[in-house]
>>> print(open('final22.cif').read())   # mmCIF, C-alpha atoms
data_structure
#
loop_
_atom_site.label_atom_id
_atom_site.label_comp_id
_atom_site.auth_asym_id
_atom_site.auth_seq_id
_atom_site.Cartn_x
_atom_site.Cartn_y
_atom_site.Cartn_z
CA MET A 1195 46.08 20.39 0.34
CA LYS A 1196 44.83 18.72 3.48
CA ILE A 1197 41.76 16.55 3.97
CA ASN A 1198 39.41 16.81 6.92
CA GLU A 1199 41.14 14.21 9.07
CA ASN A 1200 38.11 13.95 11.35
CA PHE A 1201 36.64 11.64 8.69
CA LEU A 1202 39.36 9.16 9.57
CA ASN A 1203 37.82 8.85 13.03
CA LEU A 1204 34.60 7.41 11.62
CA LYS A 1205 33.90 3.70 11.77
CA ASP A 1206 34.93 1.92 8.60
CA SER A 1207 31.37 1.07 7.57
CA TYR A 1208 27.97 2.57 8.17
CA LEU A 1209 25.74 0.19 10.17
CA PHE A 1210 23.07 -0.31 7.52
CA ALA A 1211 25.66 -0.85 4.79
CA THR A 1212 27.12 -3.70 6.85
CA VAL A 1213 23.66 -5.22 7.36
CA GLY A 1214 23.06 -4.97 3.62
CA LYS A 1215 26.37 -6.60 2.70
CA LYS A 1216 25.86 -9.51 5.09
CA THR A 1217 22.31 -10.01 3.84
CA THR A 1218 23.38 -9.95 0.19
CA ALA A 1219 26.19 -12.43 0.88
CA PHE A 1220 23.72 -14.82 2.52
CA LYS A 1221 21.23 -14.53 -0.35
CA ASN A 1222 23.97 -15.16 -2.92
CA ALA A 1223 25.07 -18.25 -1.03
CA HIS A 1224 21.47 -19.46 -0.55
CA PRO A 1225 19.46 -18.32 -3.60
CA ASP A 1226 16.63 -20.70 -2.71
CA LYS A 1227 15.95 -18.97 0.62
CA ASP A 1228 13.17 -16.40 0.98
CA VAL A 1229 14.78 -13.69 3.11
CA ILE A 1230 12.48 -11.23 4.91
CA ARG A 1231 13.89 -7.83 5.85
CA LEU A 1232 12.67 -6.18 9.05
CA SER A 1233 15.84 -4.11 9.33
CA ILE A 1234 16.15 -0.79 7.52
CA GLY A 1235 13.18 1.44 8.25
CA ASP A 1236 12.04 1.93 4.66
CA VAL A 1237 8.33 2.09 3.92
CA THR A 1238 6.55 -0.38 1.64
CA LEU A 1239 3.14 1.18 0.94
CA PRO A 1240 2.63 3.54 -2.04
CA LEU A 1241 2.06 7.26 -1.63
CA ALA A 1242 -1.46 8.30 -0.67
CA PRO A 1243 -3.76 8.98 -3.66
CA ILE A 1244 -4.21 12.64 -2.71
CA VAL A 1245 -0.42 13.11 -2.79
CA ILE A 1246 -0.14 11.48 -6.22
CA ASP A 1247 -2.96 13.66 -7.54
CA ALA A 1248 -1.27 16.81 -6.20
CA MET A 1249 2.05 15.86 -7.76
CA HIS A 1250 0.41 15.09 -11.10
CA ALA A 1251 -1.29 18.49 -11.02
CA ALA A 1252 2.05 20.15 -10.26
CA VAL A 1253 3.70 18.38 -13.19
CA GLU A 1254 0.89 19.62 -15.44
CA GLU A 1255 1.51 23.17 -14.23
CA LEU A 1256 5.14 22.85 -15.29
CA ALA A 1257 4.02 21.85 -18.78
CA HIS A 1258 2.49 25.26 -19.56
CA ARG A 1259 4.14 28.66 -19.84
CA GLU A 1260 1.43 30.49 -17.87
CA SER A 1261 1.75 28.17 -14.85
CA PHE A 1262 5.40 27.13 -15.13
CA LYS A 1263 7.57 27.41 -11.98
CA GLY A 1264 11.34 27.84 -11.99
CA TYR A 1265 13.15 28.74 -8.81
CA GLY A 1266 10.96 28.93 -5.74
CA PRO A 1267 10.01 32.06 -3.79
CA ASP A 1268 12.73 34.68 -3.23
CA GLN A 1269 13.36 33.22 0.19
CA TYR A 1270 13.22 29.72 -1.23
CA CYS A 1271 14.63 28.12 1.92
CA TYR A 1272 11.19 28.63 3.47
CA GLY A 1273 9.29 26.82 0.74
CA TYR A 1274 6.04 27.61 -1.06
CA GLU A 1275 3.28 29.24 0.95
CA LYS A 1276 0.85 26.38 0.35
CA LEU A 1277 3.21 23.91 2.00
CA ILE A 1278 4.14 26.25 4.86
CA GLU A 1279 0.48 26.88 5.66
CA SER A 1280 -0.31 23.15 5.72
CA ILE A 1281 2.55 22.55 8.17
CA LYS A 1282 1.40 25.41 10.38
CA GLY A 1283 -2.10 23.91 10.35
CA SER A 1284 -0.72 20.55 11.47
CA TYR A 1285 1.04 22.23 14.40
CA SER A 1286 -2.04 24.29 15.26
CA ARG A 1287 -4.03 21.08 15.70
CA LYS A 1288 -1.39 20.04 18.25
CA GLY A 1289 -1.87 23.31 20.11
CA VAL A 1290 1.31 24.92 18.74
CA GLU A 1291 1.16 28.19 16.79
CA LEU A 1292 4.01 28.93 14.37
CA LYS A 1293 4.99 31.88 12.20
CA SER A 1294 5.68 31.24 8.53
CA SER A 1295 9.21 32.54 9.02
CA GLU A 1296 9.90 29.77 11.54
CA VAL A 1297 9.29 26.89 9.09
CA PHE A 1298 12.07 25.82 6.70
CA ILE A 1299 11.54 23.18 4.02
CA SER A 1300 14.28 20.61 3.39
CA ASP A 1301 14.88 17.38 1.52
CA GLY A 1302 14.55 15.35 4.72
CA ALA A 1303 15.37 15.27 8.42
CA LYS A 1304 18.74 13.57 8.00
CA SER A 1305 20.14 16.49 6.00
CA ASP A 1306 19.08 19.13 8.50
CA LEU A 1307 20.24 17.13 11.52
CA GLY A 1308 23.75 17.43 10.14
CA ASN A 1309 23.56 20.73 8.26
CA ILE A 1310 22.32 22.77 11.19
CA LEU A 1311 25.65 22.15 12.90
CA ASP A 1312 27.10 24.71 10.47
CA LEU A 1313 25.72 27.35 12.86
CA PHE A 1314 27.81 26.23 15.82
CA SER A 1315 31.47 26.24 16.74
CA SER A 1316 33.34 22.95 16.73
CA ASP A 1317 34.29 23.78 20.33
CA ASN A 1318 30.78 22.91 21.51
CA THR A 1319 30.21 19.69 23.44
CA VAL A 1320 27.48 17.45 22.05
CA LEU A 1321 25.34 15.15 24.19
CA ILE A 1322 23.88 12.13 22.40
CA PRO A 1323 21.87 9.25 23.88
CA ASP A 1324 23.45 5.81 23.60
CA PRO A 1325 22.12 3.83 21.74
CA VAL A 1326 21.38 6.33 18.98
CA TYR A 1327 20.70 6.77 15.27
CA PRO A 1328 24.28 6.59 13.88
CA ALA A 1329 24.05 9.83 11.85
CA TYR A 1330 23.87 11.96 15.03
CA LEU A 1331 27.28 10.74 16.09
CA ASP A 1332 28.90 10.64 12.66
CA VAL A 1333 28.09 14.24 11.66
CA ASN A 1334 29.72 15.49 14.86
CA VAL A 1335 32.75 13.24 14.48
CA MET A 1336 33.16 14.66 10.98
CA ALA A 1337 33.23 18.16 12.48
CA GLY A 1338 35.68 17.21 15.23
CA ARG A 1339 33.34 18.03 18.11
CA LYS A 1340 33.61 16.49 21.54
CA VAL A 1341 30.78 13.98 21.98
CA ILE A 1342 29.55 12.66 25.29
CA PHE A 1343 26.80 10.14 25.86
CA ALA A 1344 23.67 9.86 27.97
CA ASP A 1345 23.22 6.23 28.92
CA ALA A 1346 19.95 4.74 27.71
CA THR A 1347 19.47 1.31 29.25
CA ALA A 1348 16.76 -1.16 30.17
CA ALA A 1349 16.91 0.28 33.71
CA ASN A 1350 15.63 3.68 32.54
CA GLY A 1351 13.42 2.33 29.76
CA PHE A 1352 15.97 3.59 27.22
CA LEU A 1353 14.93 7.16 28.07
CA PRO A 1354 17.93 8.92 29.65
CA MET A 1355 17.28 12.06 31.67
CA PRO A 1356 19.44 15.18 32.26
CA ASP A 1357 22.39 14.92 34.61
CA GLU A 1358 23.15 18.18 36.42
CA ASN A 1359 26.79 17.12 36.70
CA VAL A 1360 27.16 16.97 32.92
CA HIS A 1361 27.66 20.01 30.71
CA ALA A 1362 26.50 19.93 27.10
CA ASP A 1363 25.98 22.68 24.53
CA ILE A 1364 24.04 20.69 21.91
CA ILE A 1365 21.64 17.89 22.87
CA TYR A 1366 20.12 15.40 20.43
CA LEU A 1367 16.75 13.94 21.41
CA CYS A 1368 14.51 11.67 19.32
CA SER A 1369 11.00 10.76 20.47
CA PRO A 1370 9.55 8.33 19.45
CA ASN A 1371 13.09 7.07 19.47
CA ASN A 1372 15.08 5.44 16.74
CA PRO A 1373 16.24 2.71 17.43
CA THR A 1374 14.53 1.87 20.73
CA GLY A 1375 10.93 2.91 20.03
CA ALA A 1376 10.77 4.49 23.49
CA VAL A 1377 8.74 7.71 23.88
CA TYR A 1378 9.35 10.50 26.38
CA THR A 1379 6.43 11.68 28.51
CA ARG A 1380 5.53 15.36 28.64
CA GLU A 1381 7.01 15.58 32.13
CA GLN A 1382 10.29 14.04 31.01
CA LEU A 1383 10.59 16.44 28.07
CA LYS A 1384 9.92 19.33 30.44
CA GLN A 1385 12.96 18.27 32.47
CA TRP A 1386 15.11 18.36 29.34
CA VAL A 1387 13.73 21.77 28.33
CA ASP A 1388 14.39 23.23 31.78
CA TYR A 1389 17.90 21.75 31.77
CA ALA A 1390 18.68 23.26 28.35
CA ASN A 1391 17.36 26.69 29.32
CA ARG A 1392 19.37 26.69 32.56
CA ARG A 1393 22.55 25.69 30.73
CA ASP A 1394 22.07 27.88 27.65
CA ALA A 1395 22.15 24.63 25.66
CA LEU A 1396 20.27 23.78 22.47
CA ILE A 1397 18.05 20.74 21.93
CA LEU A 1398 17.92 19.31 18.42
CA PHE A 1399 14.63 17.41 18.58
CA ASP A 1400 14.07 14.73 15.94
CA ALA A 1401 10.31 14.30 15.53
CA ALA A 1402 10.42 12.12 12.42
CA TYR A 1403 8.09 9.53 13.95
CA GLU A 1404 5.60 11.83 15.71
CA TYR A 1405 2.61 10.65 13.65
CA PHE A 1406 2.96 7.20 15.23
CA VAL A 1407 2.03 8.64 18.63
CA ASN A 1408 -1.54 7.60 19.49
CA ASP A 1409 -1.49 8.37 23.21
CA SER A 1410 -2.95 11.84 23.78
CA HIS A 1411 -0.87 12.17 26.97
CA LEU A 1412 2.36 12.07 24.94
CA CYS A 1413 3.85 15.02 23.04
CA ARG A 1414 4.14 14.96 19.27
CA SER A 1415 6.17 18.17 19.25
CA ILE A 1416 8.65 19.50 21.77
CA PHE A 1417 6.97 22.88 21.33
CA GLU A 1418 4.00 21.49 23.26
CA VAL A 1419 6.31 21.86 26.29
CA GLU A 1420 6.50 25.25 27.99
CA GLY A 1421 9.87 26.91 27.51
CA ALA A 1422 10.91 24.92 24.42
CA ARG A 1423 10.80 27.91 22.08
CA THR A 1424 13.89 29.38 23.76
CA CYS A 1425 15.99 26.20 23.67
CA ALA A 1426 14.87 23.86 20.88
CA VAL A 1427 14.90 23.29 17.14
CA GLU A 1428 12.50 20.65 15.82
CA ILE A 1429 13.39 18.60 12.75
CA CYS A 1430 10.68 16.62 10.97
CA SER A 1431 10.28 14.43 7.92
CA TYR A 1432 7.60 13.23 5.51
CA SER A 1433 9.54 9.99 5.00
CA LYS A 1434 7.69 7.84 7.52
CA THR A 1435 4.66 10.10 8.04
CA ALA A 1436 3.67 10.04 4.35
CA GLY A 1437 5.98 7.43 2.80
CA PHE A 1438 8.32 9.99 1.20
CA THR A 1439 11.51 7.92 1.55
CA GLY A 1440 11.89 7.97 -2.22
CA VAL A 1441 10.52 11.49 -2.70
CA ARG A 1442 12.52 13.41 -0.05
CA CYS A 1443 10.92 16.23 1.88
CA GLY A 1444 11.10 17.47 5.45
CA TYR A 1445 10.90 20.63 7.51
CA THR A 1446 12.71 22.26 10.38
CA VAL A 1447 11.18 24.66 12.89
CA VAL A 1448 13.46 27.36 14.34
CA PRO A 1449 11.58 29.74 16.68
CA GLU A 1450 12.27 33.45 16.23
CA GLU A 1451 12.95 33.94 19.93
CA LEU A 1452 15.67 31.26 19.95
CA MET A 1453 18.91 33.15 20.61
CA ARG A 1454 22.43 31.98 21.32
CA GLY A 1455 25.51 34.16 21.62
CA GLY A 1456 23.25 37.19 21.33
CA THR A 1457 22.27 36.13 17.80
CA SER A 1458 19.02 34.81 16.32
CA LEU A 1459 19.44 31.18 15.24
CA ASN A 1460 16.42 31.62 12.99
CA ARG A 1461 18.26 34.36 11.09
CA LEU A 1462 21.49 32.33 10.92
CA TRP A 1463 19.69 29.25 9.61
CA ALA A 1464 17.89 31.30 6.96
CA ARG A 1465 21.23 32.73 5.88
CA ARG A 1466 22.87 29.31 5.78
CA GLN A 1467 20.05 27.73 3.78
CA SER A 1468 19.81 30.57 1.26
CA THR A 1469 23.54 30.13 0.61
CA LYS A 1470 23.93 26.34 0.56
CA PHE A 1471 20.48 25.01 -0.36
CA ASN A 1472 18.40 25.72 -3.43
CA GLY A 1473 15.12 24.40 -2.14
CA VAL A 1474 12.92 21.36 -2.70
CA SER A 1475 11.30 20.75 -6.07
CA TYR A 1476 7.89 22.31 -6.75
CA VAL A 1477 6.36 18.91 -7.56
CA THR A 1478 7.57 17.47 -4.25
CA GLN A 1479 6.35 20.47 -2.26
CA MET A 1480 2.87 20.31 -3.77
CA GLY A 1481 2.67 16.62 -2.92
CA ALA A 1482 3.77 17.37 0.63
CA ALA A 1483 1.24 20.21 0.91
CA ALA A 1484 -1.56 17.68 0.35
CA VAL A 1485 -0.43 15.52 3.28
CA PHE A 1486 -1.76 17.70 6.09
CA THR A 1487 -5.12 18.50 4.47
CA GLU A 1488 -8.19 16.89 6.02
CA GLU A 1489 -8.35 14.21 3.33
CA GLY A 1490 -4.57 13.85 3.28
CA GLU A 1491 -4.36 13.13 6.99
CA LYS A 1492 -7.17 10.60 6.66
CA GLN A 1493 -5.30 8.75 3.93
CA ILE A 1494 -1.88 8.78 5.58
CA ARG A 1495 -3.40 7.58 8.86
CA GLU A 1496 -4.73 4.56 6.98
CA ASN A 1497 -1.18 3.77 5.87
CA LEU A 1498 0.20 4.41 9.35
CA GLY A 1499 -2.49 2.13 10.77
CA TYR A 1500 -1.18 -0.63 8.50
CA TYR A 1501 2.30 -0.28 10.00
CA ARG A 1502 0.90 -0.05 13.53
CA LYS A 1503 -0.77 -3.43 13.04
CA ASN A 1504 2.59 -4.85 11.98
CA ALA A 1505 4.13 -3.43 15.17
CA GLU A 1506 1.35 -5.02 17.21
CA MET A 1507 1.99 -8.33 15.46
CA ILE A 1508 5.71 -8.24 16.30
CA SER A 1509 5.01 -7.16 19.88
CA ALA A 1510 2.53 -10.01 20.33
CA CYS A 1511 5.12 -12.44 19.00
CA LEU A 1512 7.70 -11.30 21.55
CA ASP A 1513 5.10 -11.29 24.33
CA GLU A 1514 4.31 -14.93 23.53
CA LEU A 1515 8.02 -15.77 23.65
CA GLY A 1516 8.52 -13.86 26.92
CA ILE A 1517 11.18 -11.61 25.40
CA TRP A 1518 11.68 -8.14 26.89
CA TYR A 1519 11.36 -5.18 24.52
CA THR A 1520 10.54 -1.49 24.23
CA GLY A 1521 8.61 0.24 21.45
CA GLY A 1522 5.89 -1.32 19.34
CA LYS A 1523 3.39 1.18 20.76
CA ASN A 1524 3.41 4.81 19.57
CA SER A 1525 6.40 3.78 17.46
CA PRO A 1526 7.21 1.69 14.37
CA TYR A 1527 10.29 0.18 16.02
CA ILE A 1528 10.57 -2.77 18.38
CA TRP A 1529 13.76 -2.99 20.44
CA MET A 1530 14.13 -6.51 21.77
CA GLN A 1531 16.58 -8.15 24.11
CA CYS A 1532 18.60 -10.84 22.36
CA PRO A 1533 17.64 -14.28 23.68
CA ASP A 1534 19.92 -16.70 25.52
CA GLY A 1535 22.56 -14.06 26.23
CA MET A 1536 23.55 -13.69 22.58
CA ASP A 1537 25.33 -10.53 21.51
CA SER A 1538 23.76 -8.39 18.79
CA TRP A 1539 25.67 -9.62 15.74
CA GLU A 1540 25.54 -13.21 16.97
CA PHE A 1541 21.75 -12.98 17.07
CA PHE A 1542 21.73 -11.26 13.65
CA ASP A 1543 23.56 -14.24 12.14
CA TYR A 1544 21.48 -16.78 14.06
CA LEU A 1545 18.19 -15.23 12.92
CA LEU A 1546 19.32 -14.83 9.31
CA GLU A 1547 20.72 -18.34 8.98
CA ASN A 1548 17.94 -20.19 10.82
CA ALA A 1549 14.81 -18.10 10.15
CA ASN A 1550 15.96 -16.12 7.10
CA VAL A 1551 14.82 -12.90 8.82
CA VAL A 1552 16.94 -9.75 8.86
CA GLY A 1553 16.91 -7.20 11.69
CA THR A 1554 19.40 -4.61 12.89
CA PRO A 1555 22.00 -5.40 15.58
CA GLY A 1556 21.66 -3.06 18.54
CA SER A 1557 25.40 -2.73 19.02
CA GLY A 1558 25.52 -0.78 15.76
CA PHE A 1559 23.64 2.01 17.54
CA GLY A 1560 26.11 2.30 20.40
CA ARG A 1561 27.70 0.56 23.37
CA ASN A 1562 24.42 0.27 25.27
CA GLY A 1563 22.81 -1.41 22.27
CA GLU A 1564 24.91 -4.53 22.74
CA GLY A 1565 22.65 -7.47 23.51
CA PHE A 1566 19.64 -5.83 21.83
CA PHE A 1567 18.12 -5.98 18.38
CA ARG A 1568 15.85 -3.68 16.33
CA LEU A 1569 12.92 -4.88 14.24
CA THR A 1570 10.78 -2.52 12.16
CA ALA A 1571 7.09 -2.51 11.32
CA PHE A 1572 7.58 -1.09 7.82
CA GLY A 1573 7.43 -4.40 5.98
CA SER A 1574 4.35 -5.82 4.29
CA GLU A 1575 1.69 -7.44 6.45
CA GLU A 1576 2.32 -10.79 4.77
CA ASN A 1577 6.08 -10.65 5.36
CA THR A 1578 5.66 -9.46 8.94
CA ARG A 1579 3.27 -12.31 9.73
CA GLU A 1580 5.60 -14.86 8.13
CA ALA A 1581 8.62 -13.41 9.93
CA CYS A 1582 6.81 -13.66 13.25
CA ARG A 1583 5.88 -17.28 12.51
CA ARG A 1584 9.51 -18.12 11.77
CA ILE A 1585 10.81 -16.27 14.84
CA LYS A 1586 8.37 -18.10 17.12
CA GLN A 1587 9.22 -21.42 15.56
CA LEU A 1588 12.94 -20.79 16.01
CA LEU A 1589 12.97 -19.28 19.50
CA LYS A 1590 10.46 -21.66 21.04
CA LYS A 1591 13.01 -24.46 20.60
#
>>> encode(input="final22.cif", output="structure tokens")
Amino acid sequence: MKINENFLNLKDSYLFATVGKKTTAFKNAHPDKDVIRLSIGDVTLPLAPIVIDAMHAAVEELAHRESFKGYGPDQYCYGYEKLIESIKGSYSRKGVELKSSEVFISDGAKSDLGNILDLFSSDNTVLIPDPVYPAYLDVNVMAGRKVIFADATAANGFLPMPDENVHADIIYLCSPNNPTGAVYTREQLKQWVDYANRRDALILFDAAYEYFVNDSHLCRSIFEVEGARTCAVEICSYSKTAGFTGVRCGYTVVPEELMRGGTSLNRLWARRQSTKFNGVSYVTQMGAAAVFTEEGEKQIRENLGYYRKNAEMISACLDELGIWYTGGKNSPYIWMQCPDGMDSWEFFDYLLENANVVGTPGSGFGRNGEGFFRLTAFGSEENTREACRRIKQLLKK
């Protein structure tokens, strides 16, 4: 037998695994040090009470024969109606109307960002911003696709725009962006939509952080942009919106009018999911269905407000130090320039050893990330405040 040799083209270690190993090694060598992690974007607040109540009620249903649930609906890749309707309601409040058949429930955005590639030939060329969330690149390397990059730099605010001299079949966009925290304007997204429609390309739009957008002039869904329904798939997650990192639930929107090669991508994705995916648990779906209710949105916005204050705290710290950054507004990520000309891993070590604070080296997100560093707002308020105090004390020297 033969292995998929494309896996041999992957980097030896996933970025966050390397960060974790280096952090653990430091803690083992210095057990007396209080290390604060502002690196991996995991949440720290508990699930909203309304979500817990809904999940408890779902568990109780499973305890009785008359209300027990086994497999989900016949077309289980779509999810239970209660959850689908809540998602459609969330989109409707953004001015986007969806059909139930266009919403597919998943166990999180990361899975669908890779799995949806099953629909496309390995001959397609993929355009990915650089720097970028590593999974976008890795899933395409695994499939042996040609990958080209759109340069995101300080000069363009880490928001690359279409290049008419570049041909791409699949385009990954993330806004608010991970890792840079930058957010595309409506006008900028319109340029990408028009480009994709002209080129018969497909945009895979990662909207995992859309609930952090406060500015009403910014889009929270690519389907707010005219023309997107014929060129885009939107992939979303409850992980950061509702703190589901340990629960796992997301959803992908594939418009019915989205066609490529004379074939409905909605139909292909339904076929793929019904074959390879057995749905998300009933308990999880009922918890997720509570998120976009009136009370649910009120409660999750309180949690999101907590993280926004952390982002404001980090931004204020960098403002005081005169350090250039993007993000921190409409985003939980702050993308800072490394001080004193340090490279990304050099600054990682310097910050860990001298302030006992962990962030994520920008170079791990791509070539253009060298010299930059990502901090997240998902820590506790107390840890974020203490980390900012240490960073100011260290970098003011």
>>> closest_residue(input="final22.cif", among="A:Gln1479, A:Asn1550, A:Ser1574, A:Thr1212", to="Glu1275 (chain A)", atoms="only C-alpha atoms")
A:Gln1479
>>> atom_distance(input="final22.cif", atom1="CA of Gly1565 (chain A)", atom2="CA of Ser1538 (chain A)")
4.9 Å
>>> residues_near_point(input="final22.cif", point="(-5.8, 20.8, 5.1)", cutoff="10 Å", atoms="only C-alpha atoms", output="list in words")
Lys1276, Glu1279, Ser1280, Ile1281, Gly1283, Ser1284, Ala1483, Ala1484, Val1485, Phe1486, Thr1487, Glu1488, Glu1489, Gly1490 and Glu1491 of chain A
>>> residues_around(input="final22.cif", residues="Gln1493 (chain A)", least_positions_apart="6", cutoff="9 Å", atoms="only C-alpha atoms", output="ChimeraX atom specification")
/A:1242-1244,1485
>>> resolve_selection(input="final22.cif", expression="the PyMOL selection byres ((chain A and resi 1441) around 12)", output="VMD selection string")
chain A and resid 1237 1240 to 1241 1245 to 1246 1249 1300 to 1302 1431 to 1434 1436 to 1440 1442 to 1444 1474 to 1482
>>> residues_around(input="final22.cif", residues="region 1222-1234 of chain A", least_positions_apart="5", cutoff="12 Å", atoms="all atoms listed in the file", output="PDB file with C-alpha atoms, keeping the file's coordinate frame")
ATOM      1  CA  LEU A1209      25.740   0.190  10.170  1.00  0.00           C
ATOM      2  CA  PHE A1210      23.070  -0.310   7.520  1.00  0.00           C
ATOM      3  CA  ALA A1211      25.660  -0.850   4.790  1.00  0.00           C
ATOM      4  CA  THR A1212      27.120  -3.700   6.850  1.00  0.00           C
ATOM      5  CA  VAL A1213      23.660  -5.220   7.360  1.00  0.00           C
ATOM      6  CA  GLY A1214      23.060  -4.970   3.620  1.00  0.00           C
ATOM      7  CA  LYS A1215      26.370  -6.600   2.700  1.00  0.00           C
ATOM      8  CA  LYS A1216      25.860  -9.510   5.090  1.00  0.00           C
ATOM      9  CA  THR A1217      22.310 -10.010   3.840  1.00  0.00           C
ATOM     10  CA  TYR A1327      20.700   6.770  15.270  1.00  0.00           C
ATOM     11  CA  ASN A1372      15.080   5.440  16.740  1.00  0.00           C
ATOM     12  CA  PRO A1373      16.240   2.710  17.430  1.00  0.00           C
ATOM     13  CA  THR A1439      11.510   7.920   1.550  1.00  0.00           C
ATOM     14  CA  TYR A1501       2.300  -0.280  10.000  1.00  0.00           C
ATOM     15  CA  ASN A1504       2.590  -4.850  11.980  1.00  0.00           C
ATOM     16  CA  ALA A1505       4.130  -3.430  15.170  1.00  0.00           C
ATOM     17  CA  ILE A1508       5.710  -8.240  16.300  1.00  0.00           C
ATOM     18  CA  PRO A1526       7.210   1.690  14.370  1.00  0.00           C
ATOM     19  CA  TYR A1527      10.290   0.180  16.020  1.00  0.00           C
ATOM     20  CA  ILE A1528      10.570  -2.770  18.380  1.00  0.00           C
ATOM     21  CA  TRP A1529      13.760  -2.990  20.440  1.00  0.00           C
ATOM     22  CA  PHE A1542      21.730 -11.260  13.650  1.00  0.00           C
ATOM     23  CA  LEU A1545      18.190 -15.230  12.920  1.00  0.00           C
ATOM     24  CA  LEU A1546      19.320 -14.830   9.310  1.00  0.00           C
ATOM     25  CA  GLU A1547      20.720 -18.340   8.980  1.00  0.00           C
ATOM     26  CA  ASN A1548      17.940 -20.190  10.820  1.00  0.00           C
ATOM     27  CA  ALA A1549      14.810 -18.100  10.150  1.00  0.00           C
ATOM     28  CA  ASN A1550      15.960 -16.120   7.100  1.00  0.00           C
ATOM     29  CA  VAL A1551      14.820 -12.900   8.820  1.00  0.00           C
ATOM     30  CA  VAL A1552      16.940  -9.750   8.860  1.00  0.00           C
ATOM     31  CA  GLY A1553      16.910  -7.200  11.690  1.00  0.00           C
ATOM     32  CA  THR A1554      19.400  -4.610  12.890  1.00  0.00           C
ATOM     33  CA  PRO A1555      22.000  -5.400  15.580  1.00  0.00           C
ATOM     34  CA  GLY A1556      21.660  -3.060  18.540  1.00  0.00           C
ATOM     35  CA  PHE A1567      18.120  -5.980  18.380  1.00  0.00           C
ATOM     36  CA  ARG A1568      15.850  -3.680  16.330  1.00  0.00           C
ATOM     37  CA  LEU A1569      12.920  -4.880  14.240  1.00  0.00           C
ATOM     38  CA  THR A1570      10.780  -2.520  12.160  1.00  0.00           C
ATOM     39  CA  ALA A1571       7.090  -2.510  11.320  1.00  0.00           C
ATOM     40  CA  PHE A1572       7.580  -1.090   7.820  1.00  0.00           C
ATOM     41  CA  GLY A1573       7.430  -4.400   5.980  1.00  0.00           C
ATOM     42  CA  SER A1574       4.350  -5.820   4.290  1.00  0.00           C
ATOM     43  CA  GLU A1575       1.690  -7.440   6.450  1.00  0.00           C
ATOM     44  CA  GLU A1576       2.320 -10.790   4.770  1.00  0.00           C
ATOM     45  CA  ASN A1577       6.080 -10.650   5.360  1.00  0.00           C
ATOM     46  CA  THR A1578       5.660  -9.460   8.940  1.00  0.00           C
ATOM     47  CA  ARG A1579       3.270 -12.310   9.730  1.00  0.00           C
ATOM     48  CA  GLU A1580       5.600 -14.860   8.130  1.00  0.00           C
ATOM     49  CA  ALA A1581       8.620 -13.410   9.930  1.00  0.00           C
ATOM     50  CA  CYS A1582       6.810 -13.660  13.250  1.00  0.00           C
ATOM     51  CA  ARG A1583       5.880 -17.280  12.510  1.00  0.00           C
ATOM     52  CA  ARG A1584       9.510 -18.120  11.770  1.00  0.00           C
ATOM     53  CA  ILE A1585      10.810 -16.270  14.840  1.00  0.00           C
TER      54      ILE A1585
END
>>> closest_residue(input="final22.cif", among="A:Arg1495, A:Arg1454, A:His1411, A:Arg1423", to="Ala1395 (chain A)", atoms="all atoms listed in the file")
A:Arg1454
>>> atom_distance(input="final22.cif", atom1="CA of Asp1400 (chain A)", atom2="CA of Thr1347 (chain A)")
19.7 Å
